[in-house]
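Chemist: One structure follows; several queries about it will come next.
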Amino acid sequence: MASDLFCTDLVRRFGDHTAVDRVSLDVPAGTFFSILGPSGCGKTTLLRLLAGFDRPDSGEIQIRGARMNDVPPNKRPVNMVFQHLALFPTMSVGDNIGYGLRRQKVPAAERTRKIARVLEQVGLPGLEDRNPQQLSGGQRQRVALARCLVLEPTLLLLDEPLGALDLKLREQMKVELKHLQKAFGTTFVYITHDQSEAMVMSDQVAVMRQGRFDQVAAPETLYRNPATPFVAGFVGDNNRLSGDVISVDGDLVRLRLQSGEEVAGRIAGEGIATGRRADLFIRPESLVMNGAVPDGYSRMQATVTTTLFDGANSRIEAGVADQTIFARLPQDGSVSNLSPDSAIQLGWDPQGATVFAGEPV
Amino acid sequence: MRSSASKLSLCLLMTPFVLWIVLLVLLPHLQMLRVSFHVRESWDTVTLGLEQYQNFFSESYYWRTFVRTGVMSLFTTFLTLVIAFPIAWYIAQLARGRAKGFLFLACLIPFWASELVRTYGWMILLRESGLFSTWLQALGLADGPVEMLYNDAAVIIGLVYNGLLFMVVPLVTTLDGMDENLVEAGYDLGGNHWTVLREIIVPWAMPGVVSGCIVVFMLTLGSYLTPILMGGKDSAWFTEQIFTQFITRFNWEQGAALGVLLLVLSSVIVWLGLRVTGQNLRKVMG
Amino acid sequence: MIRSVPRSAWFDRIYLAYLIIFFIYLALPLTVTAVFAFNDASFPSLPWKGFTLDWFFADGSNGRTGLFHDDGLLSALWVSVVIAFWVTLLCVFLGCVNAILFERLEFRGKEFLYLVMLLPLVIPGVILGVSILVFYSGMANSVSQQWGIELDMFRPGMPLVVAGQVAFITTLCTLVIAARLRKFDRQLEEAALNLGATPVVAWFTVTLPWLLPSIFGAAAMAFLMSFENFNTTVMLTGSDTPLTVALFNRLREGSTPVLNAVALLLMVGSALLAVLAMGRGSTRKAG
């Protein structure tokens with residue numbers, strides 16, 4: 001597959017601070033690519049480099065093979081959905097969408113036709129004459145998308161556009177954005193700090209931290225095989241247990257926790273050797289409890305602190321020595337009446353836990 | 001009990017407002033309107049008639065000055081807008097931190113001096129024995145003293161100078177509230193400098209533009225000192241004629257009629273400006 | 001055109017040059033006026049003949065009369081101060097009352113009355129002066145003719161000047177104070193009532209302190225506008241001429257550096273007042 005966006009070693013510094021630090025990326029045509037990271041990780045700076053509102057100090061940006069570094073934003077085949085949408089308040093919905101078409105000198109009749117069609121595609125037929133201020137949050141979102149998509153850009157950049165919506169609408173828009181991307185076939189580059197948005201919508205996700213990419217992979221790979229402890233902790237919920245390595249056997253490793261318990265997990269990073277510190281990550285949903293623990297699983301005794309009921313996401317909070325651990329309660333109600341301070345056995349498949357070398361103490 | 005208390009407070013607060021607006025604004029203007037229809041037959045008898053207005057239309061000096069004042073005021077307003085807009089844009093969007101506050105204050109400083117002082121300053125610069133003339137001669141660009149005062153260009157320089165503040169302040173206020181992303185979106189969707197300015201920035205700034213233009217136009221139309229002191233023999237200003245009727249000739253009836261005409265002119269142009277731009281007085285002034 | 005959009009170097013250079021020329025245009029007339037107040041020549045023009053303070057302090061013995069020995073100008077200055085004082089007092093009072101009326105109370109025809117309140121902004125100053133002259137002076141004339149009673153306060157003079165200036169400065173004060181009142185969080189007042197204050201006490205302890213910066217700002221503005229006004233004043237002034245009218249009369253006779261000295265004094269006075277009002281406003285905001 002040809003790549004729509006290809007960047008090599010992008011660097012952008014602000015004084016002493018390196019906001020984007022040797023980032024390379026390759027986005028194949030027609031994919032939904034997300035850049036996921038906490039606020040301040042440099043993802044907005046990266047997006048503005050791609051849009052042309054900022055210039056890299058070094059490195060190269062190529063769109064469909066053409067070098068973009070010196071192309072001004074109005075000449076790039078790239079459009080952007082801004083964080084606060086930036087719909088022009090002095091124009092109607094139709095004029096907002098027609099703005100880019102007028103710049104391309106599209107004749108009036110064809111313009112009207114295109115505006116009507118794109119509005120239909122985003123599910124807002126016939127709203128041309130409304131004012132953006134009269135629309136609901138979700139509708140404005142779609143107008144902002146339509147305004148870009150009508151120009152059929154090579155690349156659509158989205159700067160956390162769902163942030164301003166309330167929870168329920170956000171869930172709905174996630175699914176809809178994914179469908180729209182598939183329907184239009186446009187390449188999307190989406191930045192967000194919300195891992196659920198990235199996971200649900202994307203074909204590929206880049207996890208960004210302190211200006212660099214920690215891992216670029218499909219959502220499921222990020223979830224099952226995180227490449228760094230940061231990815232393991234940032235993508236999905238995870239419990240972190242620190243201990244000393246006591247033995248290494250193939251891709252499995254055994255750790256002794258502070259409580260003295262011995263647990264096992266799969267080696268996921270470099271630098272693990274007997275006697276060194278290591279961190280084991282195990283997801284709440286991978287934990288089984290009490291009688292349900294099969295043979296060959298790693299086991300551990302814990303003390304229930306409290307039960308957190310949250311429908312399908314109900315969990316217990318338990319203590320192991322001075323560490324806190326969360327475990328998902330089975331949906332069938334097979335485990336119930338866990339009173340605080342009762343002892344509980346937790347177990348997991350060692351292949352489902354990832355172990356990284358811990359920071360030297 | 002509550003309702004009577006609130007009625008009382010309404011009355012108490014309404015009284016000063018009504019006294020002010022009725023005694024100082026409405027009644028005097030109605031009286032001026034009435035006097036403008038007076039025709040003086042002898043020193044103590046008057047009848048109603050249109051004589052003052054007939055004078056205005058039959059005396060070409062009156063209506064020519066009237067038209068001239070209106071046209072020059074419109075031109076001055078337009079020029080002030082064109083000069084002030086880039087400055088306001090720079091202060092609102094490009095300048096940052098201390099520079100922003102400093103430049104904004106710098107725009108206000110000339111207005112710590114009265115119109116008279118400002119006009120006087122321009123006279124010192126522009127007149128035959130003035131600084132520009134001396135400098136031109138020193139540079140060898142002129143052979144003898146150059147008179148730059150007492151012509152229409154000088155009047156317009158002075159009038160624009162007087163109006164700048166009242167244009168810059170509302171423009172900065174509206175442009176300051178403009179989200180940078182709107183401009184970026186304009187470029188991102190393929191616009192260039194000119195189209196972004198025309199389609200996004202100017203429509204956004206419209207309330208500020210209209211409010212600045214109204215104030216500058218009113219000030220210019222009603223100005224007296226600048227055209228008198230900087231204008232030439234044949235660059236008469238309409239306010240000057242009103243002044244002459246009242247102070248020199250004691251012809252109040254004629255003066256009142258000229259005053260009413262000036263008021264009508266200013267109201268009509270302000271109203272037209274609001275209509276054309278789709279703004280309303282409350283939005284742009286309040 | 002904004003920082004994030006690439007511009008050509010030429011565009012930036014022209015823009016910068018424009019800014020510099022603009023601020024020179026702004027500063028030049030005032031600078032020149034101020035500088036020539038110190039020129040040791042009897043006419044404010046080049047060449048520069050040396051520095052002197054004669055135009056401020058000379059007592060007339062060397063043929064020059066400085067500003068501080070010029071009785072005509074000094075008395076005109078005093079007249080201006082008295083007028084400005086009364087105008088400020090009246091306008092700030094009216095401005096406060098109007099602001100509360102339009103921001104806090106609901107009554108029939110409020111929108112319309114608000115527009116009426118804005119009217120003085122779209123009436124040329126000369127017309128305001130003329131209309132007040134016609135109404136009050138005309139009234140004094142008729143009363144004198146019919147009943148032989150002399151209503152001197154309605155003849156051109158200080159009271160009419162104050163009336164004419166109050167007519168339009170009140171609108172400006174109202175706008176300044178109302179803008180601040182609009183930003184006031186009414187819950188603060190409700191909190192005061194909730195904590196046991198009476199409405200009047202709540203007003204004086206919570207709302208008024210909030211309004212103070214704008215009241216000081218409005219007062220400074222009213223004082224300056226009154227002091228500098230010419231168009232309305234010239235129509236209404238009697239024998240006691242205020243400073244701007246006196247200066248204008250002098251200027252028509254011919255300019256002398258004494259006028260520059262007065263101009264400089266006015267500039268310094270206005271600047272001090274503006275700084276005072278701003279400082280007062282910002283300390284209030286901080287505290």
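Simple scheme: letters A, B, ... for chains in structure tokens order, numbers from 1 for residues in each chain, numbers from 1 for ligands in the order shown.
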Give me, as a count of residues only, all polymer residues having an atom no more than 10 Å from Met139 of chain C, counting only C-alpha atoms and skipping those fewer than 5 positions away in the same chain.
Modeler: 8
Chemist: Near Val35 of chain C, counting only C-alpha atoms, which residues have an atom at most 12 Å away, once you skip same-chain residues fewer than 4 positions from it, shown as a ChimeraX atom specification?
Modeler: /B:121,124 /C:28-31,39-40,44-46,48,50-53,55,257,259-261,263-264
Chemist: Mind giving me the straight-line distance from atom CA of Trp20 of chain B to atom CA of Pro120 of chain C in Å, one decimal?
Modeler: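 Pair atom CA of Trp20 of chain B / atom CA of Pro120 of chain C returns 11.1 Å.
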Chemist: Excluding segment 202-209 of chain A and its own-chain neighbours fewer than 5 positions away, which residues fall within 6 Å of it when counting only C-alpha atoms? Please give them as a list in words.
Modeler: Phe32, Phe33, Ser34, Ile35, Leu36, Gly37, Cys41, Asp214, Gln215, Val216, Ala217 and Ala218 of chain A
Chemist: For each of B:Met72, B:Val210, B:Met14, B:Ala257, take the minimum atom-to-atom distance to chain C, counting only C-alpha atoms, then give the residue where this is smallest.
Modeler: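 Of B:Met72, B:Val210, B:Met14, B:Ala257, the one nearest chain C is B:Met14, counting only C-alpha atoms.
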Chemist: Residues of chain C that have any atom at most 7 Å from an atom of chain B: could you tabulate them with the shortest-distance atom pair and the distance in Å to one decimal, using only C-alpha atoms, ordered by chain and increasing number, as a tab-separated table?
Modeler:
```
residue	atom	partner	partner_atom	distance
C:Met1	CA	B:His193	CA	6.7
C:Ile2	CA	B:Leu94	CA	6.3
C:Arg3	CA	B:Leu94	CA	6.6
C:Leu19	CA	B:Ile87	CA	6.8
C:Leu26	CA	B:Pro110	CA	6.6
C:Ala27	CA	B:Pro110	CA	6.9
C:Pro29	CA	B:Gly121	CA	4.3
C:Leu30	CA	B:Gly121	CA	5.8
C:Val32	CA	B:Gly121	CA	6.4
C:Thr33	CA	B:Gly121	CA	5.2
C:Ser45	CA	B:Gly130	CA	5.8
C:Leu46	CA	B:Leu131	CA	6.5
C:Leu94	CA	B:Pro16	CA	6.6
C:Val97	CA	B:Leu13	CA	5.9
C:Asn98	CA	B:Phe17	CA	6.3
C:Leu101	CA	B:Leu13	CA	6.1
C:Leu115	CA	B:Arg282	CA	6.7
C:Val122	CA	B:Met218	CA	6.3
C:Ile123	CA	B:Leu263	CA	6.6
C:Pro124	CA	B:Gly222	CA	4.7
C:Gly125	CA	B:Gly222	CA	6.2
C:Val126	CA	B:Gly222	CA	6.2
C:Ile127	CA	B:Gly259	CA	5.9
C:Ser131	CA	B:Pro28	CA	4.8
C:Ile132	CA	B:Pro28	CA	5.2
C:Val134	CA	B:Met32	CA	6.1
C:Phe135	CA	B:Pro28	CA	5.0
C:Ala163	CA	B:Leu24	CA	6.8
C:Ala167	CA	B:Leu24	CA	5.5
C:Leu175	CA	B:Gly286	CA	6.6
C:Glu228	CA	B:Ser114	CA	4.9
C:Asn231	CA	B:Tyr224	CA	6.5
C:Ala263	CA	B:Val117	CA	5.8
C:Leu266	CA	B:Ala113	CA	6.5
C:Met267	CA	B:Ala113	CA	5.1
C:Ser270	CA	B:Trp112	CA	5.2
C:Ala271	CA	B:Trp112	CA	6.0
```
Chemist: Would you please work out which residue, of A:Ile246, A:Ile61, A:Met91, A:Val20, is nearest to Gln134 of chain A when using only C-alpha atoms?
Modeler: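 Answer, going by the shortest atom-to-atom distance: A:Met91.
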Chemist: Hey, list the chain C side of the contact with chain A: 7 Å cut-off, only C-alpha atoms, answer as JSON, numbers by chain.
Modeler: {"C": [4, 5, 6]}
Chemist: Please dump the current selection as a PDB file, in the first residue's frame; keep C-alpha atoms.
Modeler:
```
ATOM      1  CA  SER C   4       1.503  30.470  12.451  1.00  0.00           C
ATOM      2  CA  VAL C   5       0.986  31.246   8.777  1.00  0.00           C
ATOM      3  CA  PRO C   6       4.167  31.723   6.777  1.00  0.00           C
TER       4      PRO C   6
END
```
Chemist: Give the residues of chain A that lie within 8 Å of chain B; count only C-alpha atoms, and format the answer as number ranges by chain.
Modeler: A: 51, 53, 73-76, 78-80, 82, 86-90, 99-100, 103-104, 148
Chemist: Excluding same-chain residues fewer than 6 positions from Gly296 of chain A, what lies within 10 Å of it counting only C-alpha atoms, as a ChimeraX atom specification?
Modeler: /A:347-350
Chemist: Include C-alpha atoms and write out the residues we just selected as an mmCIF file, in the first residue's frame.
Modeler:
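Saved as out.cif:
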```cif
data_model
loop_
_atom_site.group_PDB
_atom_site.id
_atom_site.type_symbol
_atom_site.label_atom_id
_atom_site.label_comp_id
_atom_site.auth_asym_id
_atom_site.auth_seq_id
_atom_site.Cartn_x
_atom_site.Cartn_y
_atom_site.Cartn_z
ATOM 1 C CA GLY A 347 -4.502 -15.998 39.639
ATOM 2 C CA TRP A 348 -3.527 -15.333 36.023
ATOM 3 C CA ASP A 349 -2.060 -16.966 32.945
ATOM 4 C CA PRO A 350 1.640 -16.022 32.980
#
```
Chemist: Write out as a PyMOL selection string each polymer residue whose atoms come within 6 Å of segment 206-222 of chain C, counting only C-alpha atoms; drop sequence neighbours fewer than 6 positions from it.
Modeler: chain C and resi 88+173+177+277+281
Chemist: Please indicate the distance in Å from atom CA of Val82 of chain B to atom CA of Gly101 of chain B, rounded to one decimal place.
Modeler: 21.9 Å
